[in-house]
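Student: Okay, so here is coords-v4.txt, and as you'll see once you scroll down, it has compact mmCIF, C-alpha atoms.
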```txt
# COMPACT_ATOMS: atom_id res chain seq x y z
CA MET A 1 -10.60 0.98 31.03
CA ALA A 2 -10.32 4.44 29.49
CA PRO A 3 -7.92 3.61 26.65
CA SER A 4 -9.81 0.55 25.51
CA SER A 5 -13.21 2.20 25.73
CA SER A 6 -12.03 5.14 23.61
CA LEU A 7 -10.56 2.63 21.18
CA HIS A 8 -13.80 0.76 20.98
CA ARG A 9 -15.64 3.92 20.09
CA PHE A 10 -13.86 3.77 16.72
CA ALA A 11 -14.51 0.05 16.55
CA ASN A 12 -18.18 0.83 16.10
CA PRO A 13 -18.65 0.28 12.34
CA ALA A 14 -21.40 2.91 12.06
CA ARG A 15 -19.12 5.54 13.55
CA PHE A 16 -16.24 4.38 11.39
CA LEU A 17 -18.37 4.50 8.25
CA ARG A 18 -19.41 8.08 9.03
CA LEU A 19 -15.73 9.00 9.46
CA ALA A 20 -14.87 7.18 6.23
CA ALA A 21 -17.54 9.13 4.33
CA VAL A 22 -15.87 12.38 5.42
CA VAL A 23 -12.27 11.30 4.83
CA GLN A 24 -12.66 9.50 1.51
CA PRO A 25 -13.34 12.48 -0.80
CA TRP A 26 -10.40 14.35 0.78
CA ALA A 27 -8.12 11.36 0.25
CA ALA A 28 -9.29 11.08 -3.36
CA GLY A 29 -8.81 14.80 -4.09
CA LEU A 30 -5.39 14.93 -2.42
CA THR A 31 -4.24 11.83 -4.30
CA ILE A 32 -5.12 13.32 -7.67
CA ALA A 33 -3.70 16.78 -6.88
CA ALA A 34 -0.42 15.44 -5.43
CA LEU A 35 -0.09 12.97 -8.29
CA ILE A 36 -0.47 15.69 -10.94
CA ALA A 37 1.99 18.01 -9.17
CA GLY A 38 4.43 15.19 -8.42
CA LEU A 39 4.38 13.86 -11.99
CA TYR A 40 4.80 17.35 -13.42
CA LEU A 41 7.80 18.09 -11.21
CA GLY A 42 9.22 14.59 -11.52
CA LEU A 43 8.88 14.12 -15.26
CA ILE A 44 9.03 17.65 -16.68
CA ALA A 45 10.19 20.41 -14.34
CA SER A 46 13.10 18.66 -12.59
CA PRO A 47 16.59 18.20 -14.05
CA GLY A 48 18.41 14.93 -14.58
CA ASP A 49 20.93 13.91 -11.95
CA TYR A 50 24.63 14.66 -12.56
CA GLN A 51 25.46 11.00 -11.85
CA GLN A 52 22.29 9.07 -12.61
CA GLY A 53 21.18 11.15 -15.58
CA GLU A 54 17.50 10.84 -16.41
CA THR A 55 17.16 7.55 -14.52
CA VAL A 56 16.82 9.59 -11.33
CA ARG A 57 13.17 9.97 -12.37
CA ILE A 58 12.60 6.31 -11.52
CA MET A 59 13.36 7.31 -7.92
CA TYR A 60 10.14 9.35 -7.75
CA ILE A 61 8.26 6.04 -8.03
CA HIS A 62 10.76 3.71 -6.41
CA VAL A 63 11.46 5.53 -3.14
CA PRO A 64 7.81 6.36 -2.27
CA SER A 65 6.83 2.76 -3.14
CA ALA A 66 9.52 1.42 -0.81
CA TRP A 67 8.42 3.80 1.96
CA MET A 68 4.80 2.68 1.49
CA ALA A 69 5.87 -0.98 1.54
CA LEU A 70 7.27 -0.45 5.04
CA PHE A 71 4.50 1.91 6.16
CA CYS A 72 1.75 -0.51 5.12
CA TYR A 73 3.50 -3.42 6.81
CA THR A 74 3.91 -1.46 10.05
CA ASN A 75 0.22 -0.52 9.92
CA MET A 76 -0.76 -4.12 9.23
CA ALA A 77 1.34 -5.37 12.16
CA LEU A 78 -0.02 -2.70 14.53
CA ALA A 79 -3.60 -3.45 13.50
CA SER A 80 -2.90 -7.17 13.90
CA ALA A 81 -1.57 -6.59 17.42
CA VAL A 82 -4.68 -4.60 18.36
CA ALA A 83 -6.87 -7.32 16.84
CA LEU A 84 -5.08 -10.06 18.79
CA ILE A 85 -4.88 -8.26 22.14
CA TRP A 86 -8.24 -6.45 22.28
CA ARG A 87 -10.17 -8.69 19.86
CA HIS A 88 -10.93 -5.50 18.01
CA PRO A 89 -12.96 -6.44 14.91
CA LEU A 90 -12.23 -3.24 12.98
CA ALA A 91 -8.46 -3.63 13.53
CA ASP A 92 -8.65 -7.05 11.93
CA VAL A 93 -10.49 -5.60 8.92
CA ILE A 94 -7.90 -2.83 8.56
CA ALA A 95 -5.01 -5.33 8.68
CA LYS A 96 -6.69 -7.54 6.08
CA ALA A 97 -7.46 -4.58 3.78
CA THR A 98 -3.90 -3.23 4.05
CA ALA A 99 -2.16 -6.44 2.92
CA PRO A 100 -2.88 -6.31 -0.83
CA ILE A 101 -2.07 -2.58 -0.98
CA GLY A 102 1.26 -3.14 0.76
CA ALA A 103 2.00 -6.09 -1.52
CA CYS A 104 1.42 -3.90 -4.60
CA PHE A 105 3.76 -1.18 -3.30
CA THR A 106 6.43 -3.77 -2.42
CA PHE A 107 6.13 -5.26 -5.89
CA LEU A 108 6.53 -1.79 -7.44
CA ALA A 109 9.55 -1.03 -5.24
CA LEU A 110 11.21 -4.27 -6.34
CA VAL A 111 10.52 -3.91 -10.07
CA THR A 112 11.28 -0.18 -10.34
CA GLY A 113 14.47 -0.77 -8.34
CA SER A 114 15.40 -3.42 -10.84
CA LEU A 115 14.66 -1.08 -13.77
CA TRP A 116 16.97 1.49 -12.18
CA GLY A 117 19.61 -1.05 -11.19
CA LYS A 118 20.15 -2.40 -14.69
CA PRO A 119 21.41 0.85 -16.26
CA MET A 120 23.05 2.21 -13.06
CA TRP A 121 24.53 -0.84 -11.33
CA GLY A 122 24.74 -2.98 -14.44
CA THR A 123 22.53 -5.71 -12.97
CA TRP A 124 18.81 -6.31 -12.52
CA TRP A 125 19.28 -7.97 -9.15
CA VAL A 126 21.85 -8.76 -6.47
CA TRP A 127 21.27 -10.93 -3.40
CA ASP A 128 22.37 -8.22 -1.00
CA ALA A 129 20.80 -7.40 2.36
CA ARG A 130 18.48 -4.59 1.25
CA LEU A 131 17.09 -6.28 -1.85
CA THR A 132 16.73 -9.69 -0.20
CA SER A 133 14.98 -8.30 2.90
CA VAL A 134 12.48 -6.40 0.70
CA LEU A 135 11.83 -9.58 -1.29
CA ILE A 136 11.11 -11.32 2.04
CA LEU A 137 8.70 -8.47 2.87
CA PHE A 138 6.86 -9.19 -0.38
CA PHE A 139 6.57 -12.88 0.55
CA LEU A 140 5.36 -11.92 4.05
CA TYR A 141 2.49 -9.99 2.45
CA LEU A 142 1.64 -12.93 0.18
CA GLY A 143 1.92 -15.35 3.11
CA TYR A 144 -0.37 -13.17 5.22
CA MET A 145 -3.05 -13.14 2.50
CA ALA A 146 -2.74 -16.88 1.83
CA LEU A 147 -2.90 -17.75 5.54
CA TYR A 148 -5.89 -15.47 6.11
CA ASN A 149 -7.92 -17.45 3.58
CA ALA A 150 -6.49 -20.89 4.38
CA PHE A 151 -8.96 -21.78 7.16
CA ASP A 152 -12.62 -22.70 6.94
CA ASP A 153 -13.11 -20.85 10.19
CA ALA A 154 -12.53 -17.16 9.30
CA THR A 155 -11.63 -16.26 12.92
CA ARG A 156 -8.83 -18.82 13.01
CA GLY A 157 -7.50 -17.59 9.66
CA ALA A 158 -7.50 -14.00 10.93
CA ARG A 159 -5.72 -15.06 14.13
CA ALA A 160 -3.03 -17.07 12.29
CA ALA A 161 -2.41 -14.27 9.76
CA ALA A 162 -2.14 -11.69 12.58
CA VAL A 163 0.52 -13.83 14.30
CA LEU A 164 2.45 -14.07 11.03
CA ALA A 165 2.25 -10.28 10.59
CA LEU A 166 3.67 -9.78 14.09
CA VAL A 167 6.47 -12.30 13.64
CA GLY A 168 7.38 -10.70 10.31
CA VAL A 169 7.66 -7.23 11.82
CA VAL A 170 11.32 -7.99 12.76
CA ASN A 171 11.98 -7.61 9.04
CA VAL A 172 11.01 -3.90 9.09
CA PRO A 173 14.06 -2.60 11.06
CA ILE A 174 16.24 -5.08 9.16
CA ILE A 175 15.15 -3.44 5.89
CA LYS A 176 15.59 0.06 7.27
CA PHE A 177 19.10 -0.50 8.63
CA SER A 178 20.28 -3.12 6.13
CA VAL A 179 22.19 -0.45 4.20
CA ASP A 180 24.09 0.55 7.36
CA TRP A 181 24.68 -2.92 8.83
CA TRP A 182 25.90 -4.72 5.74
CA ASN A 183 27.98 -3.88 2.70
CA THR A 184 25.52 -3.36 -0.08
CA LEU A 185 25.13 -1.92 -3.53
CA HIS A 186 22.05 -0.04 -2.32
CA GLN A 187 22.78 3.52 -1.23
CA PRO A 188 21.98 4.61 2.35
CA ALA A 189 19.14 6.95 3.28
CA SER A 190 19.39 10.41 1.76
CA VAL A 191 16.07 11.99 2.77
CA VAL A 192 15.47 10.93 6.38
CA LYS A 193 18.77 12.01 7.94
CA LEU A 194 19.67 13.79 11.16
CA ASP A 195 21.46 16.59 9.33
CA GLY A 196 18.66 17.11 6.83
CA PRO A 197 18.11 15.64 3.38
CA ALA A 198 21.08 15.36 1.01
CA ILE A 199 18.92 16.04 -2.03
CA HIS A 200 18.49 19.21 -4.02
CA PRO A 201 14.99 20.75 -3.55
CA SER A 202 14.23 20.33 -7.28
CA MET A 203 14.40 16.57 -6.70
CA LEU A 204 13.14 16.50 -3.12
CA TRP A 205 9.80 18.12 -4.01
CA PRO A 206 8.67 15.58 -6.62
CA LEU A 207 9.78 12.82 -4.24
CA LEU A 208 7.74 14.21 -1.34
CA LEU A 209 4.70 14.93 -3.52
CA MET A 210 4.70 11.40 -4.91
CA ALA A 211 5.08 10.07 -1.37
CA LEU A 212 2.06 12.16 -0.32
CA ALA A 213 0.08 10.90 -3.33
CA PHE A 214 0.90 7.28 -2.49
CA THR A 215 -0.03 7.78 1.17
CA THR A 216 -3.42 9.32 0.38
CA TYR A 217 -3.94 6.64 -2.31
CA TYR A 218 -3.40 4.07 0.44
CA VAL A 219 -6.01 5.79 2.65
CA TRP A 220 -8.45 6.00 -0.28
CA VAL A 221 -8.14 2.35 -1.33
CA LEU A 222 -8.02 1.21 2.31
CA LEU A 223 -11.38 2.88 2.99
CA LEU A 224 -12.92 1.26 -0.12
CA ARG A 225 -11.68 -2.17 0.97
CA VAL A 226 -12.64 -1.76 4.64
CA ARG A 227 -16.15 -0.65 3.65
CA ALA A 228 -16.49 -3.63 1.30
CA GLU A 229 -15.30 -6.01 4.03
CA LEU A 230 -17.67 -4.57 6.66
CA ILE A 231 -20.61 -4.89 4.27
CA GLY A 232 -19.50 -8.43 3.37
CA ARG A 233 -19.47 -9.41 7.05
CA ARG A 234 -22.92 -7.96 7.53
CA VAL A 235 -24.19 -9.94 4.53
CA ARG A 236 -22.75 -13.16 6.02
CA ALA A 237 -24.35 -12.40 9.41
CA ILE A 238 -27.77 -11.79 7.84
CA ARG A 239 -27.47 -14.95 5.70
CA LEU A 240 -26.58 -16.96 8.80
CA ARG A 241 -29.62 -15.61 10.64
CA GLN A 242 -31.87 -16.36 7.65
CA THR A 243 -30.71 -19.98 7.44
CA GLN A 244 -31.22 -20.39 11.19
CA VAL A 245 -34.75 -19.01 11.07
CA ARG A 246 -35.83 -21.43 8.34
CA MET B 1 8.68 17.30 -32.93
CA ASP B 2 12.39 16.82 -32.28
CA ARG B 3 12.04 18.12 -28.74
CA VAL B 4 9.21 15.66 -28.04
CA THR B 5 11.25 12.75 -29.40
CA GLU B 6 14.24 13.89 -27.40
CA TYR B 7 12.14 14.17 -24.25
CA LEU B 8 10.62 10.72 -24.74
CA ALA B 9 14.10 9.25 -25.30
CA MET B 10 14.98 10.28 -21.71
CA GLY B 11 18.69 10.58 -22.47
CA GLY B 12 18.74 7.01 -23.76
CA TYR B 13 17.05 5.56 -20.67
CA ALA B 14 13.50 5.51 -22.08
CA GLY B 15 13.44 1.69 -21.90
CA PHE B 16 13.88 1.83 -18.13
CA ILE B 17 12.02 4.99 -17.12
CA TRP B 18 8.75 4.58 -19.05
CA PRO B 19 8.21 0.94 -18.03
CA ALA B 20 8.71 1.97 -14.38
CA TYR B 21 6.03 4.68 -14.66
CA GLY B 22 3.76 2.54 -16.81
CA LEU B 23 3.88 -0.42 -14.46
CA ALA B 24 3.20 1.77 -11.42
CA ALA B 25 0.19 3.29 -13.21
CA VAL B 26 -1.18 -0.12 -14.20
CA VAL B 27 -0.68 -1.75 -10.77
CA LEU B 28 -2.20 1.14 -8.82
CA ALA B 29 -5.11 1.55 -11.27
CA VAL B 30 -5.94 -2.17 -11.25
CA LEU B 31 -5.85 -2.30 -7.44
CA PHE B 32 -8.11 0.75 -7.25
CA VAL B 33 -10.65 -0.57 -9.76
CA ALA B 34 -10.68 -4.02 -8.14
CA SER B 35 -11.21 -2.47 -4.69
CA ARG B 36 -14.08 -0.33 -5.92
CA ARG B 37 -15.70 -3.29 -7.67
CA ARG B 38 -15.58 -5.23 -4.40
CA LEU B 39 -17.42 -2.42 -2.69
CA THR B 40 -20.14 -2.16 -5.36
CA ALA B 41 -20.56 -5.94 -5.41
CA ALA B 42 -20.81 -6.09 -1.59
CA ALA B 43 -23.35 -3.26 -1.52
CA ALA B 44 -25.48 -5.01 -4.16
CA GLU B 45 -25.34 -8.24 -2.18
CA LEU B 46 -26.40 -6.46 1.00
CA ALA B 47 -29.35 -4.87 -0.79
CA ALA B 48 -30.38 -8.33 -2.03
CA VAL B 49 -30.27 -10.04 1.38
CA GLU B 50 -32.02 -7.11 3.03
CA ALA B 51 -34.80 -7.37 0.43
CA VAL B 52 -35.24 -11.02 1.44
CA GLU B 53 -35.39 -9.96 5.10
CA ARG B 54 -38.09 -7.40 4.43
CA SER B 55 -40.30 -9.57 2.25
CA PRO B 56 -43.05 -11.01 4.53
CA SER B 57 -42.71 -14.58 3.27
CA GLY B 58 -38.95 -14.55 3.73
CA GLU B 59 -38.52 -15.50 0.08
CA ALA B 60 -36.57 -13.54 -2.50
```
Hey, can you dump this file as structure tokens for me?

Tutor:
Amino acid sequence: MAPSSSLHRFANPARFLRLAAVVQPWAAGLTIAALIAGLYLGLIASPGDYQQGETVRIMYIHVPSAWMALFCYTNMALASAVALIWRHPLADVIAKATAPIGACFTFLALVTGSLWGKPMWGTWWVWDARLTSVLILFFLYLGYMALYNAFDDATRGARAAAVLALVGVVNVPIIKFSVDWWNTLHQPASVVKLDGPAIHPSMLWPLLLMALAFTTYYVWVLLLRVRAELIGRRVRAIRLRQTQVR
Amino acid sequence: MDRVTEYLAMGGYAGFIWPAYGLAAVVLAVLFVASRRRLTAAAAELAAVEAVERSPSGEA
């Protein structure tokens, strides 16, 4: 029982809240610092691309947003699995709190991609594998949130949404490899490659800093939402007890 | 002044670059503010129900 008992140590909300109180100011500070550095390098200190011109600057928003869209979904699916298998209450809260953040990043990836696609590809949108699979990811997030709140019994809603999150996880490798498996307008990976990134450092740095800022932003907002949800559940429990006493 | 105008023009792509940055700023700021409001609202609610618990009559 060792793995589950060590897991359940973090399930203890009091322990989690103490951890959150330590992590949150760091996440906030890192977000602001990385954002300032990333925006400075991305908007001022870096050159335009020899092919894309100044539109390459959209990539400093688009690529980190797309990474976060996948990262948040993977987190949500993992937390959902833990919630389903071990009935871990904190995992359920983390999955629920991640969904709107992931949906926002997916939305940003889609719209900023469109804003880059119009001048560079000559079209706002094409129904190719990469773009379509990311649009499906966006609908998976929306479906998860709708399903979570669709039941009168909160436990059943959580269970149904967790199953949806797990079924939808097949979409994550499809998105990742869509540019290799199908012919597509979307270019293949240029940062995460076996032979190292194919990007000049002057463009790689703003990209990585913005990715760091988005990741710590996720942690920051996640902690706010998880704390709110834990307090909300405590309020409901106390209310229930009060109505039973009377 | 010319250099500022030239910078803001973004090589003719201003209409695509600035909306991308502006939208990202708005979406992330709104999500952050909404999340923090939820937390403050939840904390206020908890304080209210705990006050009811503590009051001897059980009334607010």

Student: CA of Thr123 in chain A to CA of Leu70 in chain A: how many Å, to one decimal?

Tutor: 24.2 Å

Student: Would you list which chain A residues are within 10 Å of chain B using only C-alpha atoms, as number ranges by chain?

Tutor: A: 39, 43-44, 48, 53-62, 65, 97, 100-101, 104-105, 107-109, 111-119, 214, 217-218, 220-236, 238-239, 241-242, 245-246

Student: Between A:Val163, A:Ala211, A:Ala237, A:Leu84, single out the one closest to Phe71 in chain A, counting all atoms listed in the file.

Tutor: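 Closest candidate: A:Ala211.
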
Student: Mind pulling up the distance from CA of Lys176 in chain A to CA of Pro188 in chain A?

Tutor: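 Calculated distance between CA of Pro188 in chain A and CA of Lys176 in chain A is 9.3 Å.
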
Student: One decimal, in Å: what's the spacing between CA of Leu140 in chain A and CA of Ala103 in chain A?

Tutor: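 That distance, rounded to one decimal, is 8.7 Å.
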
Student: Using all atoms listed in the file, which residue out of A:Leu147, A:Ala158, A:Ile136, A:Leu110 lies closest to Ala95 in chain A?

Tutor: A:Ala158
